[in-house]
Amino acid sequence: MKIQFESNLDYQAQAVEAVAGLFAGQDINRTEFTVSAGVRGNQPDLGLIESDLGIGNRLGLLPDEIHKNLNGIQLGNGLAPSASPLVGDYTIEMETGTGKTYVYLRTAFELHRRYGFTKFVIVVPSIAIKEGVMKSLEMTGTHFKTLYPEAKGYSFYAYDSAKLNQVRDFATSSSVRFMVATIQSLYSVQEAGEDIEGGKAGGKGKAERVIHRPHEQTGGERPIDLVRATNPVLIVDEPQSVYGDAGKGKKGGGGQGRKALSLLNPLATLRYSATPLDRTQLVFRLDAVDAYERKLVKGIEVASMQVSSGHNRPYVRVVDIKAGKARTGPTATLEIDVLRGDKVTRREVKVQDGDSLQELSGGRDLYHDMLVGEIRSGRGDTMLELKVPGDVLWLKPGEEYGGLNPTDLARAMISRTIREHLDKELLLRPRGIKVLSLFFIDRVSNYRTYSDNGEPGNGPYADLFEDEYKRAARDPRYATLFGGVDLETEAREVHNGYFSEDKKGRFKDTSGSTADDADAYNLIMRKKESLLDLRTPLKFIFSHSALREGWDNPNVFQICVLREIGTERERRQTIGRGLRLAVNQKGERVRDEGVNILTVIASESYEDFAENLQKEIEEDLQIKFGVVEEHQFATIPLVDGQGNVTPLGIEKSRELQGFLRSQGYLSSAGKVEDKLRVDLKADTVHLPEAFETVRPDILAVLKKLAGKLDIRNADETVTVQPNRAVLDDPEFRALWDRISARTTYEVEVDTEVLISECVKAVNAMPIVPRSQVQTTIVDIEVDRSGVQAKVKETHAPTTLREDDLVLPDLLGALQDRTELTRRTLSAILRDSDRLGDFKKNPQAFIELVSAAINTRKIKLLVDGIQYHKTGEAYAQTLLDGPIPTLKDILKVKKGAYDHVIYESDVEKSFAADLERNSAVKVYAKLPGWFRVPTPLGDYNPDWAILLQVEDKEKLCFVAETKSTLWTGALREKEALKIDCGRRHFAVLAADTVGGALQYEVVRSLEDVFSQSEGAS
């Protein structure tokens, strides 16, 4: 099986043309130079033997000519033009998975065809990427020889200090030559013991690298001088890593890479990256957003696996750390499990040095003696000291302590990945598409272990995988995939690990840049096409996180992240391993949106994943979501009277952007304002008259950048005013006097009855769930307005095994939540049949028992409750203030306010009936501060109404509007509150002359009249 390459992709052709066009006007040059023996240093003509000839690149254009070409290309590609002076570096930005390596190789051949350039040096940051480039050169051989027959004799090789004859060939050959080198191999010195081009440096201190030393294979010349004499076109793959931009302060960073490349004396430097930190003279841009919008890469969905009913261990995660003020010192935000009422939920809390996590958690015993220690907020030293019983930990932002057992969560994630994989196999195997899944782990020991005598064995993740794979294989849904298969053998053969090996052949943790890594990366890169073959049993790949840099495969459909995603660019690096469009068994790209979906299985919430992915894209790519930049309209075509088409241009684009800012459509920084979204939705965007001819093109740009209008216009805020005509009416004052008295209550409960009723309630509890993982599948949509996560589906929860839980003080926890004595609680639990559920899920058991006891206890309290007037009342003057609101309102005349604020269709209809009925004199929709105390919390009734029915006495009526009159259909807590409200107003009615005060639950005004029959 051979991967087929497409030669007609428009975006790749544009990227090639952007670079080739820089040298427009250059004549074809094939410059021969004589190499003279014995010449050293920085002379351009260096040699081996006096009669040898070398072939080098030569540039015949002046800097001004190239700069003019550059600005024209930038304008045509919608990029801001670079100012003078011209520098020799050019940036090409291409998202991972869009064929960056193919593009720069094809660009080299195009430069040879047009201008005769023959020498190309490709510099990469790591062995992994070097192996990938070498594999690409091998795989594209036939393809490029067909497209570029004039370069038929080209050769390529990886720089190897043991094969310096290849450097001699590079300098002297008249054919196209590619040399691929890691940046480390070009440094002037190496550290003692450092890995180098296939060997180890010996001795102590530093030594000069081979490429910088005279050698007999190069006629006594330094290999680097032979390379630089050819004036190569330098292709830098992932320049942010090659130059050290992404790791200042690390070995090789902070300028060492730049210095090494400058010694190559390049004709031009072409910098290709998906995440360039330096966009010097950007000539082409196909960023992440472009790739997603144009469907050039797989769509992304996230299977977010969140733990539910699993708060049985203390959990602490450092969200962020801030410097704070001199007086208060640094502060931190932690995520912990907090008790609120009967429920434990995960919440963020602000902390300072010395804070008790037990207090912040609502008194949970699991956090006993856990304290916040020193908080550091210095640059490069941002961390928090967490004091736990018997230990002290230092956590950085994003790191966590405690929580679910990692092995339990790993099992659930591995199981989900296997099932996602098999679901895709059912769909794609008949279409000849091999499905691969990739697991990223933090330590090799989690996958492979070794005995004392070196015998390899499964690590915990490998065992978990085989168990879950065999379990899934027995599922009838996948029967067609496993007919007649020996599951024991199958489970062993379908997975493997790709890691570096030590001298004894054992897997080891790796940084991804040492010589020991070469074999591991060579194996996985050289087998790229074999992995795609349906006959190859390997489908599941485990690797260290270092594999993120440099390896991908078009048929990776699942990526399971069995480690924390936290550091810079990790989401983009992680998903980048599976973004390429899939290929079938013929090696052809499959361009089907239904096929090309990458599923990322992660323990991060999907909201956090989307938010952090957007942050990474903004930081990595310097993309400003929802920002209209000065050059944004420069490429819009203008047609003059003769039909000639010219672009709008950068000056006109700046003028238009300035106008949009002046209209309040954009902020001073170009950020889209809500005013523009509103006018775009209404199609009322105001433009200068001179730009009306290209209005559709301008609006298309603005709509792409503005995103969706998902706001409520602040102008729609209404301030509801007091209705003085009603408030000053004596009849309303009489109504208010009758309903406004305040009360307090007392209760009396029989303990034996309480125990008996609570035992019944505990026995009737729902099943106590074990800790579970809830999986939510979301589509990640990326466009110029930002990154959005849209829920696609949810799966049935997966039960977790938690066999090592430390059981908390059950009676103490229940006592805190129910305010009953330990003796009473012990009697309830002893007489119930549910105590055995405690071990299944202690926290869930405590929550359910607390809720059952409290509900029954409160019902008994309500049954025995007695209200008494306090002698105080709500003052009518409290109604005098205006109420600003965005809620739905209805204009009225008889109410205490000029509008009724309603929250349901029942309330709206009821208010309209109150207005229409002549028997209703005045009324009030009671504000939220009008409350009746109850054992379940304060109760706020809905309405106070003054009725006059024919010649009967006026009736003050307090109403609770509901869609049903049957209290059994209401939530129990709500029904009990209504019962308390009824008792409260009964006390007030007893003191009302003639008893003309009534409280009822009603559906409509008709119910008010029927309930009030005989009340007067």
# chains A, B, ... in the order shown; residues from 1 in each chain; ligands from 1
>>> residues_around(residues="His631 in chain A", least_positions_apart="5", cutoff="7 Å", atoms="only C-alpha atoms", output="list in words")
Gly78, Leu79, Ala80, Ile650, Ser653 and Arg654 of chain A
>>> residues_around(residues="Pro63 in chain A", least_positions_apart="3", cutoff="7 Å", atoms="only C-alpha atoms", output="list in words")
Ile66, His67 and Leu86 of chain A
>>> closest_atom_pairs(of="range 345-437 of chain A", to="range 552-561 of chain A", cutoff="12 Å", atoms="only C-alpha atoms", output="tab-separated table")
residue	atom	partner	partner_atom	distance
A:Leu409	CA	A:Val561	CA	11.4
A:Ala410	CA	A:Val561	CA	9.4
A:Arg411	CA	A:Cys560	CA	11.4
A:Ala412	CA	A:Cys560	CA	11.0
A:Met413	CA	A:Cys560	CA	7.2
A:Ile414	CA	A:Cys560	CA	7.4
A:Ser415	CA	A:Cys560	CA	10.3
A:Arg416	CA	A:Cys560	CA	9.0
A:Thr417	CA	A:Cys560	CA	6.5
A:Ile418	CA	A:Gln558	CA	8.9
A:Arg419	CA	A:Gln558	CA	10.3
A:Glu420	CA	A:Gln558	CA	7.4
A:His421	CA	A:Gln558	CA	6.8
A:Leu422	CA	A:Gln558	CA	10.5
A:Asp423	CA	A:Phe557	CA	11.0
A:Lys424	CA	A:Phe557	CA	8.2
A:Glu425	CA	A:Phe557	CA	10.1
A:Leu428	CA	A:Asn555	CA	10.6
A:Arg429	CA	A:Asn555	CA	11.8
A:Gly432	CA	A:Asn555	CA	11.4
A:Ile433	CA	A:Asn555	CA	7.7
A:Lys434	CA	A:Asn555	CA	6.5
A:Val435	CA	A:Asn555	CA	5.7
A:Leu436	CA	A:Val556	CA	4.6
A:Ser437	CA	A:Gln558	CA	4.7
>>> atom_distance(atom1="CA of Leu386 in chain A", atom2="CA of Arg313 in chain A")
15.7 Å
>>> atom_distance(atom1="CA of Asn458 in chain A", atom2="CA of Thr407 in chain A")
14.5 Å
>>> closest_residue(among="A:His311, A:Lys100, A:Arg258, A:Arg294", to="Ala274 in chain A", atoms="only C-alpha atoms")
A:Lys100
>>> select_by_dssp(residues="range 541-691 of chain A", states="strand (DSSP E or B)", output="PyMOL selection string")
chain A and resi 541-544+556-562+583+589+597-602+627+637-639+645-647+666+671-672
>>> closest_residue(among="A:Glu588, A:Asp880, A:Glu974, A:Asp991", to="Ile739 in chain A", atoms="only C-alpha atoms")
A:Asp991
>>> residues_around(residues="Glu301 in chain A", least_positions_apart="3", cutoff="12 Å", atoms="only C-alpha atoms", output="number ranges by chain")
A: 298, 304, 420, 557-559, 575, 578-579, 596-602, 606, 609-610, 776-782, 788-793
>>> write_last_selection(atoms="N, CA and C atoms", output="short mmCIF file (atom, residue, chain, number, x, y, z; two decimals), in the first residue's frame")
data_model
loop_
_atom_site.label_atom_id
_atom_site.label_comp_id
_atom_site.auth_asym_id
_atom_site.auth_seq_id
_atom_site.Cartn_x
_atom_site.Cartn_y
_atom_site.Cartn_z
N LYS A 298 -9.38 16.97 9.61
CA LYS A 298 -10.52 16.31 10.24
C LYS A 298 -11.28 17.29 11.14
N SER A 304 -15.74 14.21 26.50
CA SER A 304 -15.35 14.70 27.83
C SER A 304 -15.88 13.74 28.89
N GLU A 420 -15.13 3.59 20.94
CA GLU A 420 -15.17 4.57 19.85
C GLU A 420 -14.44 4.01 18.63
N PHE A 557 -7.93 8.13 14.34
CA PHE A 557 -9.29 8.64 14.52
C PHE A 557 -9.63 8.89 15.99
N GLN A 558 -8.86 8.30 16.91
CA GLN A 558 -9.07 8.52 18.34
C GLN A 558 -7.74 8.87 18.99
N ILE A 559 -7.76 9.87 19.84
CA ILE A 559 -6.60 10.20 20.66
C ILE A 559 -7.07 10.24 22.10
N ILE A 575 -3.94 17.22 19.34
CA ILE A 575 -4.90 16.91 18.28
C ILE A 575 -4.23 16.93 16.92
N GLY A 578 -3.61 13.76 14.77
CA GLY A 578 -4.66 13.02 14.07
C GLY A 578 -5.48 13.87 13.12
N LEU A 579 -4.97 15.03 12.71
CA LEU A 579 -5.78 15.94 11.90
C LEU A 579 -5.78 15.61 10.41
N ASN A 596 -14.10 11.85 8.24
CA ASN A 596 -12.98 12.58 8.82
C ASN A 596 -13.37 13.31 10.10
N ILE A 597 -13.51 12.52 11.16
CA ILE A 597 -13.81 13.06 12.48
C ILE A 597 -12.80 12.48 13.46
N LEU A 598 -12.08 13.36 14.14
CA LEU A 598 -11.11 12.96 15.15
C LEU A 598 -11.78 13.09 16.52
N THR A 599 -11.79 12.00 17.29
CA THR A 599 -12.38 12.03 18.63
C THR A 599 -11.26 12.08 19.65
N VAL A 600 -11.28 13.12 20.48
CA VAL A 600 -10.31 13.27 21.56
C VAL A 600 -10.98 12.86 22.86
N ILE A 601 -10.44 11.84 23.51
CA ILE A 601 -11.00 11.37 24.78
C ILE A 601 -10.17 12.00 25.89
N ALA A 602 -10.79 12.84 26.71
CA ALA A 602 -10.06 13.59 27.73
C ALA A 602 -10.90 13.69 28.99
N TYR A 606 -15.62 19.69 28.54
CA TYR A 606 -15.61 20.18 27.16
C TYR A 606 -15.61 21.69 27.11
N PHE A 609 -12.04 22.57 27.57
CA PHE A 609 -11.26 22.19 26.39
C PHE A 609 -11.42 23.24 25.30
N ALA A 610 -12.67 23.63 25.01
CA ALA A 610 -12.91 24.63 23.96
C ALA A 610 -12.30 25.98 24.32
N THR A 776 -19.71 13.09 27.67
CA THR A 776 -20.44 14.00 26.81
C THR A 776 -19.65 14.20 25.53
N ILE A 777 -20.27 13.96 24.38
CA ILE A 777 -19.61 14.16 23.09
C ILE A 777 -20.00 15.53 22.56
N VAL A 778 -19.00 16.33 22.24
CA VAL A 778 -19.27 17.67 21.70
C VAL A 778 -18.49 17.87 20.40
N ASP A 779 -19.10 18.59 19.48
CA ASP A 779 -18.39 19.01 18.27
C ASP A 779 -17.67 20.31 18.58
N ILE A 780 -16.40 20.38 18.20
CA ILE A 780 -15.63 21.61 18.36
C ILE A 780 -15.64 22.34 17.03
N GLU A 781 -16.25 23.52 17.02
CA GLU A 781 -16.35 24.32 15.80
C GLU A 781 -15.41 25.52 15.93
N VAL A 782 -14.59 25.70 14.90
CA VAL A 782 -13.61 26.79 14.90
C VAL A 782 -13.88 27.68 13.71
N GLN A 788 -16.19 27.16 19.53
CA GLN A 788 -17.42 26.84 20.25
C GLN A 788 -17.53 25.32 20.40
N ALA A 789 -18.06 24.91 21.56
CA ALA A 789 -18.33 23.50 21.82
C ALA A 789 -19.83 23.28 21.80
N LYS A 790 -20.30 22.42 20.91
CA LYS A 790 -21.73 22.15 20.79
C LYS A 790 -22.01 20.70 21.14
N VAL A 791 -22.84 20.51 22.16
CA VAL A 791 -23.13 19.16 22.64
C VAL A 791 -23.82 18.36 21.53
N LYS A 792 -23.27 17.19 21.28
CA LYS A 792 -23.77 16.32 20.22
C LYS A 792 -24.61 15.18 20.81
N GLU A 793 -24.07 14.54 21.85
CA GLU A 793 -24.80 13.45 22.49
C GLU A 793 -24.15 13.16 23.84
#
